[in-house]
$ cat data.cif   # mmCIF, C-alpha atoms
data_run
#
loop_
_atom_site.label_atom_id
_atom_site.label_comp_id
_atom_site.auth_asym_id
_atom_site.auth_seq_id
_atom_site.Cartn_x
_atom_site.Cartn_y
_atom_site.Cartn_z
CA MET A 1 -60.06 -56.63 17.96
CA ILE A 2 -61.30 -56.42 21.54
CA ARG A 3 -60.55 -59.32 23.86
CA VAL A 4 -63.23 -59.71 26.50
CA ALA A 5 -62.60 -62.07 29.41
CA ALA A 6 -65.64 -63.14 31.37
CA VAL A 7 -66.58 -65.34 34.30
CA GLY A 8 -69.45 -65.49 36.75
CA ASP A 9 -70.38 -67.32 39.92
CA LEU A 10 -67.01 -67.37 41.63
CA HIS A 11 -68.82 -67.83 44.98
CA LEU A 12 -65.68 -66.78 46.74
CA ALA A 13 -64.99 -67.17 50.41
CA ASP A 14 -61.74 -67.30 52.33
CA ASP A 15 -61.08 -70.91 51.40
CA GLY A 16 -60.92 -70.24 47.66
CA ALA A 17 -59.36 -66.79 47.42
CA ALA A 18 -55.74 -67.85 46.97
CA ARG A 19 -56.61 -70.32 44.25
CA TRP A 20 -58.72 -67.74 42.39
CA ARG A 21 -55.98 -65.13 42.68
CA GLU A 22 -53.60 -67.55 40.99
CA ALA A 23 -56.17 -68.55 38.35
CA LEU A 24 -56.98 -64.94 37.43
CA ALA A 25 -53.36 -63.80 37.27
CA PRO A 26 -52.92 -64.39 33.48
CA VAL A 27 -56.08 -62.53 32.49
CA SER A 28 -54.35 -59.17 32.07
CA ASP A 29 -52.21 -60.70 29.30
CA ASP A 30 -55.09 -62.65 27.76
CA ALA A 31 -57.70 -59.88 27.55
CA ASP A 32 -58.37 -56.15 27.39
CA LEU A 33 -61.12 -56.14 29.98
CA LEU A 34 -62.65 -58.56 32.48
CA LEU A 35 -66.38 -58.98 33.08
CA VAL A 36 -67.65 -60.66 36.25
CA ALA A 37 -71.24 -61.79 35.87
CA GLY A 38 -72.39 -61.78 39.48
CA ASP A 39 -72.21 -64.05 42.50
CA LEU A 40 -68.71 -62.95 43.31
CA THR A 41 -69.30 -64.05 46.89
CA ARG A 42 -70.93 -67.05 48.52
CA LEU A 43 -73.12 -65.33 51.14
CA GLY A 44 -72.58 -61.66 50.40
CA THR A 45 -70.54 -60.86 53.52
CA LEU A 46 -67.90 -58.17 53.82
CA ASP A 47 -65.20 -60.75 54.53
CA GLU A 48 -66.07 -62.52 51.31
CA ALA A 49 -66.04 -59.22 49.39
CA ARG A 50 -62.54 -58.61 50.74
CA ALA A 51 -61.57 -62.10 49.56
CA VAL A 52 -62.80 -61.15 46.08
CA ALA A 53 -60.76 -57.96 46.18
CA HIS A 54 -57.72 -60.03 47.17
CA ALA A 55 -58.29 -62.45 44.30
CA LEU A 56 -58.62 -59.57 41.82
CA ALA A 57 -55.59 -57.69 43.11
CA PRO A 58 -53.17 -58.86 40.37
CA VAL A 59 -55.63 -57.97 37.58
CA SER A 60 -54.44 -54.79 35.86
CA ILE A 61 -57.05 -54.52 33.07
CA PRO A 62 -60.42 -52.78 33.65
CA VAL A 63 -62.85 -54.97 35.60
CA PHE A 64 -66.64 -54.61 35.28
CA ALA A 65 -69.04 -56.54 37.49
CA VAL A 66 -72.68 -56.92 38.38
CA LEU A 67 -73.80 -58.38 41.68
CA GLY A 68 -75.70 -61.66 41.83
CA ASN A 69 -78.29 -63.08 44.20
CA HIS A 70 -75.59 -64.55 46.46
CA ASP A 71 -74.09 -61.09 46.87
CA TYR A 72 -77.43 -59.91 48.31
CA HIS A 73 -77.94 -62.76 50.79
CA ALA A 74 -76.40 -61.08 53.86
CA GLY A 75 -78.18 -57.80 53.16
CA ASP A 76 -74.84 -55.98 52.83
CA GLU A 77 -74.86 -55.52 49.06
CA GLY A 78 -74.09 -51.82 49.36
CA ALA A 79 -70.98 -52.52 51.43
CA VAL A 80 -69.97 -55.38 49.13
CA ARG A 81 -70.23 -53.01 46.21
CA ALA A 82 -68.12 -50.41 48.08
CA VAL A 83 -65.35 -52.93 48.82
CA LEU A 84 -65.23 -53.91 45.17
CA ALA A 85 -65.30 -50.27 44.03
CA ASP A 86 -62.36 -49.55 46.35
CA ARG A 87 -60.46 -52.23 44.47
CA GLY A 88 -61.32 -50.41 41.22
CA VAL A 89 -64.07 -52.75 40.07
CA ARG A 90 -66.80 -50.92 38.14
CA VAL A 91 -69.95 -52.41 39.68
CA LEU A 92 -72.92 -51.75 37.40
CA GLU A 93 -76.65 -51.79 38.23
CA GLY A 94 -78.71 -50.11 35.55
CA GLU A 95 -75.60 -48.21 34.59
CA GLY A 96 -73.03 -48.22 31.83
CA GLU A 97 -69.52 -47.04 31.25
CA VAL A 98 -67.35 -46.56 28.19
CA ILE A 99 -63.62 -47.21 28.10
CA ASP A 100 -61.07 -46.82 25.36
CA VAL A 101 -59.42 -50.03 24.16
CA HIS A 102 -56.89 -49.64 21.34
CA SER A 103 -58.73 -46.51 20.15
CA THR A 104 -62.06 -48.36 20.13
CA ARG A 105 -64.79 -47.15 22.46
CA VAL A 106 -66.07 -50.18 24.34
CA GLY A 107 -69.24 -49.71 26.35
CA VAL A 108 -70.48 -52.04 29.05
CA ALA A 109 -73.94 -51.78 30.60
CA GLY A 110 -74.91 -54.06 33.42
CA SER A 111 -77.61 -55.23 35.76
CA LYS A 112 -78.15 -58.12 38.11
CA GLY A 113 -81.42 -58.76 36.33
CA PHE A 114 -83.98 -61.04 37.94
CA GLY A 115 -86.36 -63.89 37.23
CA GLY A 116 -89.83 -64.24 35.80
CA GLY A 117 -89.43 -66.78 33.04
CA PHE A 118 -89.59 -66.98 29.30
CA ALA A 119 -92.14 -66.99 26.51
CA ASN A 120 -95.29 -68.99 27.31
CA ALA A 121 -93.94 -69.93 30.74
CA CYS A 122 -93.49 -66.73 32.69
CA GLY A 123 -95.04 -64.88 35.58
CA SER A 124 -97.33 -61.91 35.06
CA ASP A 125 -97.94 -58.63 36.85
CA PHE A 126 -101.16 -60.01 38.30
CA GLY A 127 -102.69 -61.24 41.52
CA GLU A 128 -101.13 -61.02 44.96
CA PRO A 129 -98.90 -58.07 45.84
CA GLU A 130 -95.94 -60.45 46.26
CA MET A 131 -96.36 -61.77 42.73
CA LYS A 132 -96.72 -58.28 41.31
CA ALA A 133 -93.64 -57.15 43.24
CA PHE A 134 -91.63 -60.06 41.84
CA ILE A 135 -92.48 -59.28 38.22
CA ARG A 136 -92.31 -55.50 38.66
CA HIS A 137 -88.80 -55.83 40.10
CA THR A 138 -87.69 -57.55 36.90
CA GLN A 139 -89.51 -55.01 34.76
CA ALA A 140 -87.86 -52.09 36.56
CA LEU A 141 -84.36 -53.58 36.34
CA ALA A 142 -84.80 -54.49 32.68
CA GLU A 143 -86.01 -51.00 31.85
CA ARG A 144 -83.05 -49.30 33.54
CA PHE A 145 -80.66 -51.82 32.03
CA GLY A 146 -82.02 -51.21 28.53
CA ALA A 147 -81.79 -47.46 28.98
CA ALA A 148 -78.17 -47.76 30.15
CA LEU A 149 -77.33 -49.92 27.15
CA ARG A 150 -78.99 -47.47 24.73
CA ALA A 151 -77.14 -44.55 26.30
CA LEU A 152 -73.69 -46.02 25.63
CA GLU A 153 -71.88 -43.96 23.03
CA ALA A 154 -69.51 -46.68 21.95
CA ASP A 155 -68.19 -48.59 18.95
CA ARG A 156 -68.82 -51.96 20.64
CA ARG A 157 -71.51 -52.55 23.24
CA ILE A 158 -71.54 -55.34 25.77
CA ALA A 159 -74.40 -56.29 28.09
CA LEU A 160 -73.46 -57.77 31.46
CA LEU A 161 -76.05 -59.64 33.53
CA HIS A 162 -76.27 -62.18 36.31
CA TYR A 163 -79.69 -63.65 35.47
CA ALA A 164 -80.20 -65.18 32.04
CA PRO A 165 -81.92 -63.28 29.20
CA ILE A 166 -82.80 -66.40 27.17
CA ALA A 167 -83.75 -70.00 27.86
CA THR A 168 -81.23 -71.58 25.51
CA THR A 169 -78.31 -71.08 27.87
CA LEU A 170 -80.35 -72.72 30.64
CA HIS A 171 -80.56 -76.08 28.89
CA GLY A 172 -79.36 -78.62 31.41
CA GLU A 173 -81.13 -76.93 34.29
CA ARG A 174 -84.45 -78.35 35.49
CA LEU A 175 -87.27 -76.83 33.49
CA GLU A 176 -89.24 -76.14 36.68
CA ILE A 177 -86.73 -73.56 37.88
CA TYR A 178 -86.36 -71.55 34.66
CA PRO A 179 -88.53 -68.69 36.01
CA PHE A 180 -86.01 -68.29 38.85
CA LEU A 181 -83.05 -68.22 36.48
CA GLY A 182 -83.93 -65.37 34.18
CA SER A 183 -86.43 -63.39 32.19
CA TYR A 184 -87.20 -62.66 28.56
CA LEU A 185 -87.49 -58.99 29.55
CA LEU A 186 -83.70 -58.84 29.74
CA ALA A 187 -83.34 -60.09 26.16
CA GLU A 188 -86.01 -57.66 25.02
CA ALA A 189 -83.99 -54.84 26.59
CA VAL A 190 -80.84 -56.00 24.79
CA ASP A 191 -82.57 -56.34 21.44
CA GLY A 192 -84.21 -52.94 21.86
CA ALA A 193 -80.89 -51.24 22.48
CA GLY A 194 -78.56 -53.35 20.36
CA ALA A 195 -75.37 -55.00 21.56
CA ASP A 196 -72.44 -57.07 20.30
CA LEU A 197 -72.42 -59.57 23.15
CA VAL A 198 -74.42 -60.50 26.24
CA VAL A 199 -72.71 -62.22 29.14
CA HIS A 200 -74.55 -63.77 32.08
CA GLY A 201 -74.07 -66.31 34.87
CA HIS A 202 -76.39 -67.88 37.49
CA ALA A 203 -77.23 -71.07 35.55
CA HIS A 204 -74.59 -73.50 36.78
CA ALA A 205 -76.03 -76.48 34.95
CA GLY A 206 -76.82 -74.60 31.75
CA ARG A 207 -74.75 -74.33 28.63
CA GLU A 208 -72.48 -71.62 27.34
CA LYS A 209 -73.84 -70.46 24.01
CA GLY A 210 -77.09 -68.96 22.81
CA VAL A 211 -78.55 -66.01 20.93
CA THR A 212 -81.32 -63.51 21.66
CA PRO A 213 -84.43 -63.41 19.44
CA GLY A 214 -82.87 -60.30 17.87
CA GLY A 215 -79.64 -62.11 17.01
CA VAL A 216 -77.26 -60.95 19.75
CA ARG A 217 -74.88 -63.63 20.94
CA VAL A 218 -75.33 -64.72 24.55
CA ARG A 219 -72.69 -66.46 26.63
CA ASN A 220 -73.36 -68.12 29.98
CA VAL A 221 -70.04 -67.80 31.78
CA ALA A 222 -71.07 -69.34 35.10
CA GLN A 223 -67.82 -70.91 36.27
CA PRO A 224 -69.32 -74.40 36.65
CA VAL A 225 -70.32 -74.14 32.96
CA ILE A 226 -67.06 -72.85 31.50
CA ARG A 227 -64.99 -74.78 34.08
CA SER A 228 -62.05 -72.41 33.59
CA ALA A 229 -61.24 -69.28 35.57
CA TYR A 230 -62.54 -67.19 32.64
CA ARG A 231 -63.40 -67.37 28.95
CA VAL A 232 -62.06 -64.96 26.37
CA TYR A 233 -64.29 -63.68 23.56
CA CYS A 234 -62.69 -61.72 20.74
CA LEU A 235 -64.88 -59.06 19.18
CA ASN A 236 -63.29 -58.71 15.79
CA GLY A 237 -63.33 -55.24 14.31
CA GLY A 238 -62.03 -53.32 11.40
CA ASP A 239 -58.38 -53.48 12.40
CA GLY A 240 -57.75 -56.65 10.39
CA ILE A 241 -56.60 -58.51 13.47
CA ASP A 242 -58.73 -61.52 14.30
CA CYS A 243 -58.53 -64.09 17.03
CA ALA A 244 -57.35 -67.47 15.92
CA PRO A 245 -60.46 -69.55 15.15
CA GLU A 246 -61.47 -72.15 17.69
CA PRO A 247 -60.49 -75.71 16.88
CA SER A 248 -63.30 -77.55 15.12
CA GLY A 249 -65.63 -79.29 17.53
CA ALA A 250 -64.91 -76.80 20.32
CA MET B 1 -94.90 -83.85 65.71
CA PRO B 2 -93.20 -86.84 64.07
CA ASP B 3 -89.64 -87.70 65.00
CA ARG B 4 -86.90 -87.36 62.39
CA GLN B 5 -86.91 -91.04 61.47
CA SER B 6 -90.55 -90.84 60.38
CA VAL B 7 -90.08 -87.79 58.15
CA GLU B 8 -90.70 -88.60 54.51
CA PRO B 9 -87.46 -88.58 52.47
CA ASP B 10 -88.78 -85.85 50.14
CA TYR B 11 -89.20 -83.48 53.10
CA LEU B 12 -85.77 -84.34 54.47
CA VAL B 13 -84.29 -83.56 51.08
CA ARG B 14 -85.90 -80.11 51.17
CA ARG B 15 -84.73 -79.47 54.74
CA VAL B 16 -81.14 -80.24 53.81
CA ALA B 17 -81.33 -78.26 50.57
CA ASP B 18 -82.91 -75.26 52.30
CA GLU B 19 -80.24 -75.23 55.00
CA LEU B 20 -77.48 -75.58 52.40
CA ALA B 21 -78.87 -72.52 50.63
CA ARG B 22 -79.54 -70.42 53.74
CA ALA B 23 -76.39 -71.12 55.73
CA GLU B 24 -73.84 -72.11 53.11
CA GLY B 25 -74.99 -70.44 49.91
CA GLU B 26 -74.90 -73.79 48.16
CA LEU B 27 -77.81 -74.00 45.75
CA GLY B 28 -76.42 -76.52 43.29
CA ILE B 29 -76.00 -79.60 45.45
CA VAL B 30 -78.34 -82.48 44.65
CA VAL B 31 -79.64 -84.17 47.79
CA GLU B 32 -81.33 -87.57 47.63
CA VAL B 33 -82.47 -89.89 50.39
CA VAL B 34 -82.63 -93.53 49.34
CA HIS B 35 -83.13 -96.47 51.71
CA GLY B 36 -82.06 -94.43 54.70
CA VAL B 37 -78.92 -93.00 53.13
CA VAL B 38 -78.44 -89.32 52.26
CA TYR B 39 -76.58 -89.00 48.95
CA LEU B 40 -74.90 -85.69 48.12
CA THR B 41 -73.78 -85.00 44.55
CA GLY B 42 -72.65 -81.92 42.67
CA VAL B 43 -69.54 -79.82 42.30
CA VAL B 44 -67.81 -77.42 44.71
CA PRO B 45 -64.53 -75.54 44.29
CA THR B 46 -62.70 -76.56 47.49
CA ASP B 47 -62.31 -79.45 49.94
CA GLU B 48 -63.45 -77.16 52.74
CA ARG B 49 -66.72 -76.45 50.93
CA ARG B 50 -67.27 -80.17 50.38
CA ARG B 51 -66.78 -80.85 54.07
CA ARG B 52 -69.16 -78.07 55.12
CA VAL B 53 -71.93 -79.42 52.88
CA GLU B 54 -71.55 -82.85 54.44
CA ASP B 55 -71.64 -81.31 57.93
CA VAL B 56 -75.02 -79.72 57.16
CA ALA B 57 -76.47 -83.02 55.94
CA ARG B 58 -75.24 -84.82 59.08
CA ARG B 59 -76.70 -82.12 61.32
CA ILE B 60 -80.13 -82.18 59.67
CA CYS B 61 -80.21 -86.00 59.37
CA PRO B 62 -78.33 -87.27 62.45
CA ASP B 63 -79.92 -90.69 62.26
CA LEU B 64 -79.07 -91.37 58.61
CA ALA B 65 -75.86 -92.35 56.89
CA VAL B 66 -74.43 -89.67 54.60
CA GLN B 67 -72.72 -90.56 51.35
CA ASN B 68 -70.72 -87.56 50.14
CA GLU B 69 -70.13 -87.94 46.39
CA ILE B 70 -69.51 -84.26 45.70
CA ALA B 71 -66.67 -83.52 43.30
CA VAL B 72 -64.11 -80.79 44.01
CA LEU B 73 -63.43 -78.83 40.85
CA PRO B 74 -61.19 -75.77 41.15
CA PRO B 75 -61.02 -73.30 38.23
CA THR B 76 -58.78 -74.44 35.40
CA PRO B 77 -56.69 -72.23 33.09
CA ALA B 78 -58.56 -70.47 30.29
CA GLY B 79 -58.71 -72.31 26.97
CA ASP B 80 -58.59 -70.86 23.45
CA PRO B 81 -60.53 -67.67 22.89
CA GLU B 82 -63.74 -67.67 20.89
CA SER B 83 -63.80 -65.39 17.90
CA LEU B 84 -66.99 -63.36 17.38
CA PRO B 85 -67.92 -60.92 14.60
#

$ encode --input "data.cif" --output "C-alpha cells"
Amino acid sequence: MIRVAAVGDLHLADDGAARWREALAPVSDDADLLLVAGDLTRLGTLDEARAVAHALAPVSIPVFAVLGNHDYHAGDEGAVRAVLADRGVRVLEGEGEVIDVHSTRVGVAGSKGFGGGFANACGSDFGEPEMKAFIRHTQALAERFGAALRALEADRRIALLHYAPIATTLHGERLEIYPFLGSYLLAEAVDGAGADLVVHGHAHAGREKGVTPGGVRVRNVAQPVIRSAYRVYCLNGGDGIDCAPEPSGA
Amino acid sequence: MPDRQSVEPDYLVRRVADELARAEGELGIVVEVVHGVVYLTGVVPTDERRRRVEDVARRICPDLAVQNEIAVLPPTPAGDPESLP
C-alpha cells in the first residue's frame, strides 16, 4: 500500500506560511510521499517561494511538485523552482522520477500542463499566430509529459499536473472558462502511457473526483476543493494491507 | 472619457477583477456591482488577503460603497484517506 498525500493551489505568501507549516506538519506520518499540484505561490515571487520552503520545512517524506500559472506570474519561475529544489522538492516539468516506497517502485511524472479545452469545445492549431502558439504550447507540454510518464520504470505510476486533464473535475466552474482550465491532450497523454492516479489543481470551484476516458482516476486537489491541507489516497497493492474504506457517503 | 461614476457596472467589475488578478493573484473572487455597491464574495485563506482584496476594490471604485462578504477559510486537518485499487 502506497499512501499518496496531495494538495494544490496553496497560493502561499508571507501571511499564510506559518499556518501552512502547521497544517502540513502531520503529513509525514499520514503519507509516504507528498504531491503539490502547482500554484504554490500567489504571484511567483522569490519571497513567496521562500515562504513555501518554510512551510514545507517539517515535511520529511519525498515531495514532488509542478509549478502552476501563479508561479509564472512574476517571470521568476526558474528561481522559484531553484528555491524549492534547494529545499529538496522535486519540481517536475516534462520529467519523471522513481522512488522506492516499502520496496515498491513509485514513479511520478509531472507537468504544469496548459489550457485549450475539451472534446467539442476546444481550441485548434489554426488561425492567428497567437492562437496557434496557445494550442502548440499545450501540445508540446502534453507530449513531453506523456513521454516522461511512459519512461517511468515503476510498479505504480502517478501523473501530477496543475491544469485539468478532464472536464468532470471542473464541474462547478463556469463553462465559459473551461478552455483556460485544462485540456483533453493531458488526459490523452495519461491514457497513452498508463497510470494509477492523476492529480491536478487549478480548478478552485470544481470537484474532486473524475476519471479519464481510459479509466484512470483523476483527483482535483485544489485546496479550495478539498478544504484540508492535503488529501491522502491509498494505492492498494499486493501486500495485503489496505486503507480503511471511506465512510459511506464520503 | 467618461468619469468613473458613468462607467457601466459590467466594465467596473472587469476592472476590479483584472486588478485583483494582476496585482494580488486573486482569480477566484466574484465581483458584482449592484445599485452602486460593489459586492465581493469568495474564499481566501487569511484575514490579510481579505483586506487586500477590499483595498483593491476601494481603489478602483472610490465613489462606490464596498461590501466585503469574502470568507476566510484556512486549511483544515486532513480527513480519512481514500482507498484506490

$ resolve_selection --input "data.cif" --expression "the PyMOL selection byres ((chain B and resi 25) around 6)" --output "list in words"
Arg42 and Leu43 of chain A; Ala21, Arg22, Glu24 and Glu26 of chain B

$ interface_residues --input "data.cif" --of "chain A" --to "chain B" --cutoff "7 Å" --atoms "only C-alpha atoms" --output "number ranges by chain"
A: 15-16, 23, 42-43, 70, 227-236, 243, 245-246

$ write_last_selection --input "data.cif" --atoms "C-alpha atoms" --output "tab-separated table (two decimals), in the frame of the given file"
chain	number	residue	atom	x	y	z
A	15	ASP	CA	-61.08	-70.91	51.40
A	16	GLY	CA	-60.92	-70.24	47.66
A	23	ALA	CA	-56.17	-68.55	38.35
A	42	ARG	CA	-70.93	-67.05	48.52
A	43	LEU	CA	-73.12	-65.33	51.14
A	70	HIS	CA	-75.59	-64.55	46.46
A	227	ARG	CA	-64.99	-74.78	34.08
A	228	SER	CA	-62.05	-72.41	33.59
A	229	ALA	CA	-61.24	-69.28	35.57
A	230	TYR	CA	-62.54	-67.19	32.64
A	231	ARG	CA	-63.40	-67.37	28.95
A	232	VAL	CA	-62.06	-64.96	26.37
A	233	TYR	CA	-64.29	-63.68	23.56
A	234	CYS	CA	-62.69	-61.72	20.74
A	235	LEU	CA	-64.88	-59.06	19.18
A	236	ASN	CA	-63.29	-58.71	15.79
A	243	CYS	CA	-58.53	-64.09	17.03
A	245	PRO	CA	-60.46	-69.55	15.15
A	246	GLU	CA	-61.47	-72.15	17.69

$ resolve_selection --input "data.cif" --expression "the PyMOL selection byres ((chain B and resi 62) around 12)" --output "number ranges by chain"
B: 3-5, 12, 16, 36-38, 54-61, 63-66

$ write_last_selection --input "data.cif" --atoms "C-alpha atoms" --output "PDB file, in the frame of the given file"
ATOM      1  CA  ASP B   3     -89.640 -87.700  65.000  1.00  0.00           C
ATOM      2  CA  ARG B   4     -86.900 -87.360  62.390  1.00  0.00           C
ATOM      3  CA  GLN B   5     -86.910 -91.040  61.470  1.00  0.00           C
ATOM      4  CA  LEU B  12     -85.770 -84.340  54.470  1.00  0.00           C
ATOM      5  CA  VAL B  16     -81.140 -80.240  53.810  1.00  0.00           C
ATOM      6  CA  GLY B  36     -82.060 -94.430  54.700  1.00  0.00           C
ATOM      7  CA  VAL B  37     -78.920 -93.000  53.130  1.00  0.00           C
ATOM      8  CA  VAL B  38     -78.440 -89.320  52.260  1.00  0.00           C
ATOM      9  CA  GLU B  54     -71.550 -82.850  54.440  1.00  0.00           C
ATOM     10  CA  ASP B  55     -71.640 -81.310  57.930  1.00  0.00           C
ATOM     11  CA  VAL B  56     -75.020 -79.720  57.160  1.00  0.00           C
ATOM     12  CA  ALA B  57     -76.470 -83.020  55.940  1.00  0.00           C
ATOM     13  CA  ARG B  58     -75.240 -84.820  59.080  1.00  0.00           C
ATOM     14  CA  ARG B  59     -76.700 -82.120  61.320  1.00  0.00           C
ATOM     15  CA  ILE B  60     -80.130 -82.180  59.670  1.00  0.00           C
ATOM     16  CA  CYS B  61     -80.210 -86.000  59.370  1.00  0.00           C
ATOM     17  CA  ASP B  63     -79.920 -90.690  62.260  1.00  0.00           C
ATOM     18  CA  LEU B  64     -79.070 -91.370  58.610  1.00  0.00           C
ATOM     19  CA  ALA B  65     -75.860 -92.350  56.890  1.00  0.00           C
ATOM     20  CA  VAL B  66     -74.430 -89.670  54.600  1.00  0.00           C
TER      21      VAL B  66
END

$ resolve_selection --input "data.cif" --expression "the PyMOL selection byres ((chain A and resi 119-133) around 12)" --output "PDB file with C-alpha atoms, in the frame of the given file"
ATOM      1  CA  PHE A 114     -83.980 -61.040  37.940  1.00  0.00           C
ATOM      2  CA  GLY A 115     -86.360 -63.890  37.230  1.00  0.00           C
ATOM      3  CA  GLY A 116     -89.830 -64.240  35.800  1.00  0.00           C
ATOM      4  CA  GLY A 117     -89.430 -66.780  33.040  1.00  0.00           C
ATOM      5  CA  PHE A 118     -89.590 -66.980  29.300  1.00  0.00           C
ATOM      6  CA  PHE A 134     -91.630 -60.060  41.840  1.00  0.00           C
ATOM      7  CA  ILE A 135     -92.480 -59.280  38.220  1.00  0.00           C
ATOM      8  CA  ARG A 136     -92.310 -55.500  38.660  1.00  0.00           C
ATOM      9  CA  HIS A 137     -88.800 -55.830  40.100  1.00  0.00           C
ATOM     10  CA  THR A 138     -87.690 -57.550  36.900  1.00  0.00           C
ATOM     11  CA  GLN A 139     -89.510 -55.010  34.760  1.00  0.00           C
ATOM     12  CA  ALA A 140     -87.860 -52.090  36.560  1.00  0.00           C
ATOM     13  CA  PRO A 165     -81.920 -63.280  29.200  1.00  0.00           C
ATOM     14  CA  ILE A 166     -82.800 -66.400  27.170  1.00  0.00           C
ATOM     15  CA  ALA A 167     -83.750 -70.000  27.860  1.00  0.00           C
ATOM     16  CA  THR A 168     -81.230 -71.580  25.510  1.00  0.00           C
ATOM     17  CA  LEU A 175     -87.270 -76.830  33.490  1.00  0.00           C
ATOM     18  CA  GLU A 176     -89.240 -76.140  36.680  1.00  0.00           C
ATOM     19  CA  ILE A 177     -86.730 -73.560  37.880  1.00  0.00           C
ATOM     20  CA  TYR A 178     -86.360 -71.550  34.660  1.00  0.00           C
ATOM     21  CA  PRO A 179     -88.530 -68.690  36.010  1.00  0.00           C
ATOM     22  CA  PHE A 180     -86.010 -68.290  38.850  1.00  0.00           C
ATOM     23  CA  LEU A 181     -83.050 -68.220  36.480  1.00  0.00           C
ATOM     24  CA  GLY A 182     -83.930 -65.370  34.180  1.00  0.00           C
ATOM     25  CA  SER A 183     -86.430 -63.390  32.190  1.00  0.00           C
ATOM     26  CA  TYR A 184     -87.200 -62.660  28.560  1.00  0.00           C
ATOM     27  CA  LEU A 185     -87.490 -58.990  29.550  1.00  0.00           C
ATOM     28  CA  ALA A 187     -83.340 -60.090  26.160  1.00  0.00           C
ATOM     29  CA  GLU A 188     -86.010 -57.660  25.020  1.00  0.00           C
ATOM     30  CA  PRO A 213     -84.430 -63.410  19.440  1.00  0.00           C
TER      31      PRO A 213
END

$ atom_distance --input "data.cif" --atom1 "atom CA of A:Glu97" --atom2 "atom CA of A:Asp155"
12.5 Å

$ closest_residue --input "data.cif" --among "B:Leu20, B:Gln67, B:Tyr39, B:Tyr11" --to "B:Arg52" --atoms "all atoms listed in the file"
B:Leu20

$ closest_residue --input "data.cif" --among "A:Asp32, A:Glu77, A:Asp14, A:Glu22" --to "A:Arg50" --atoms "only C-alpha atoms"
A:Asp14

$ atom_distance --input "data.cif" --atom1 "atom CA of A:Arg217" --atom2 "atom CA of A:Leu33"
18.1 Å

$ residues_around --input "data.cif" --residues "A:Leu160" --least-positions-apart "3" --cutoff "10 Å" --atoms "all atoms listed in the file" --output "mmCIF file with C-alpha atoms, in the coordinates of the input"
data_model
loop_
_atom_site.group_PDB
_atom_site.id
_atom_site.type_symbol
_atom_site.label_atom_id
_atom_site.label_comp_id
_atom_site.auth_asym_id
_atom_site.auth_seq_id
_atom_site.Cartn_x
_atom_site.Cartn_y
_atom_site.Cartn_z
ATOM 1 C CA ALA A 6 -65.640 -63.140 31.370
ATOM 2 C CA LEU A 35 -66.380 -58.980 33.080
ATOM 3 C CA VAL A 36 -67.650 -60.660 36.250
ATOM 4 C CA ALA A 37 -71.240 -61.790 35.870
ATOM 5 C CA GLY A 38 -72.390 -61.780 39.480
ATOM 6 C CA PHE A 64 -66.640 -54.610 35.280
ATOM 7 C CA ALA A 65 -69.040 -56.540 37.490
ATOM 8 C CA VAL A 66 -72.680 -56.920 38.380
ATOM 9 C CA LEU A 92 -72.920 -51.750 37.400
ATOM 10 C CA GLU A 93 -76.650 -51.790 38.230
ATOM 11 C CA GLY A 96 -73.030 -48.220 31.830
ATOM 12 C CA VAL A 108 -70.480 -52.040 29.050
ATOM 13 C CA ALA A 109 -73.940 -51.780 30.600
ATOM 14 C CA GLY A 110 -74.910 -54.060 33.420
ATOM 15 C CA SER A 111 -77.610 -55.230 35.760
ATOM 16 C CA LYS A 112 -78.150 -58.120 38.110
ATOM 17 C CA GLY A 113 -81.420 -58.760 36.330
ATOM 18 C CA PHE A 145 -80.660 -51.820 32.030
ATOM 19 C CA LEU A 149 -77.330 -49.920 27.150
ATOM 20 C CA ARG A 157 -71.510 -52.550 23.240
ATOM 21 C CA TYR A 163 -79.690 -63.650 35.470
ATOM 22 C CA LEU A 197 -72.420 -59.570 23.150
ATOM 23 C CA VAL A 198 -74.420 -60.500 26.240
ATOM 24 C CA VAL A 199 -72.710 -62.220 29.140
ATOM 25 C CA HIS A 200 -74.550 -63.770 32.080
ATOM 26 C CA GLY A 201 -74.070 -66.310 34.870
ATOM 27 C CA VAL A 218 -75.330 -64.720 24.550
ATOM 28 C CA ARG A 219 -72.690 -66.460 26.630
#

$ atom_distance --input "data.cif" --atom1 "atom CA of A:His202" --atom2 "atom CA of A:Ala222"
6.0 Å

$ residues_around --input "data.cif" --residues "A:Leu34" --least-positions-apart "6" --cutoff "8 Å" --atoms "all atoms listed in the file" --output "list of chain:residue names"
A:Val4, A:Ala5, A:Ala6, A:Val27, A:Ile61, A:Pro62, A:Val63, A:Phe64

$ decode --input "data.cif" --residues "stretch 21-35 of chain A" --atoms "C-alpha atoms" --output "JSON list (two decimals), in the first residue's frame"
[["chain", "number", "residue", "atom", "x", "y", "z"],
["A", 21, "ARG", "CA", 3.64, 24.92, 8.11],
["A", 22, "GLU", "CA", 1.46, 23.83, 11.00],
["A", 23, "ALA", "CA", -1.16, 22.26, 8.70],
["A", 24, "LEU", "CA", 1.42, 20.24, 6.76],
["A", 25, "ALA", "CA", 3.30, 19.02, 9.82],
["A", 26, "PRO", "CA", 1.36, 15.70, 10.18],
["A", 27, "VAL", "CA", 1.76, 14.69, 6.54],
["A", 28, "SER", "CA", 4.98, 12.76, 7.11],
["A", 29, "ASP", "CA", 3.08, 10.40, 9.43],
["A", 30, "ASP", "CA", -0.01, 10.24, 7.21],
["A", 31, "ALA", "CA", 1.65, 9.50, 3.87],
["A", 32, "ASP", "CA", 4.69, 8.11, 2.05],
["A", 33, "LEU", "CA", 5.03, 10.97, -0.39],
["A", 34, "LEU", "CA", 3.53, 14.42, -0.92],
["A", 35, "LEU", "CA", 2.44, 15.80, -4.29]]
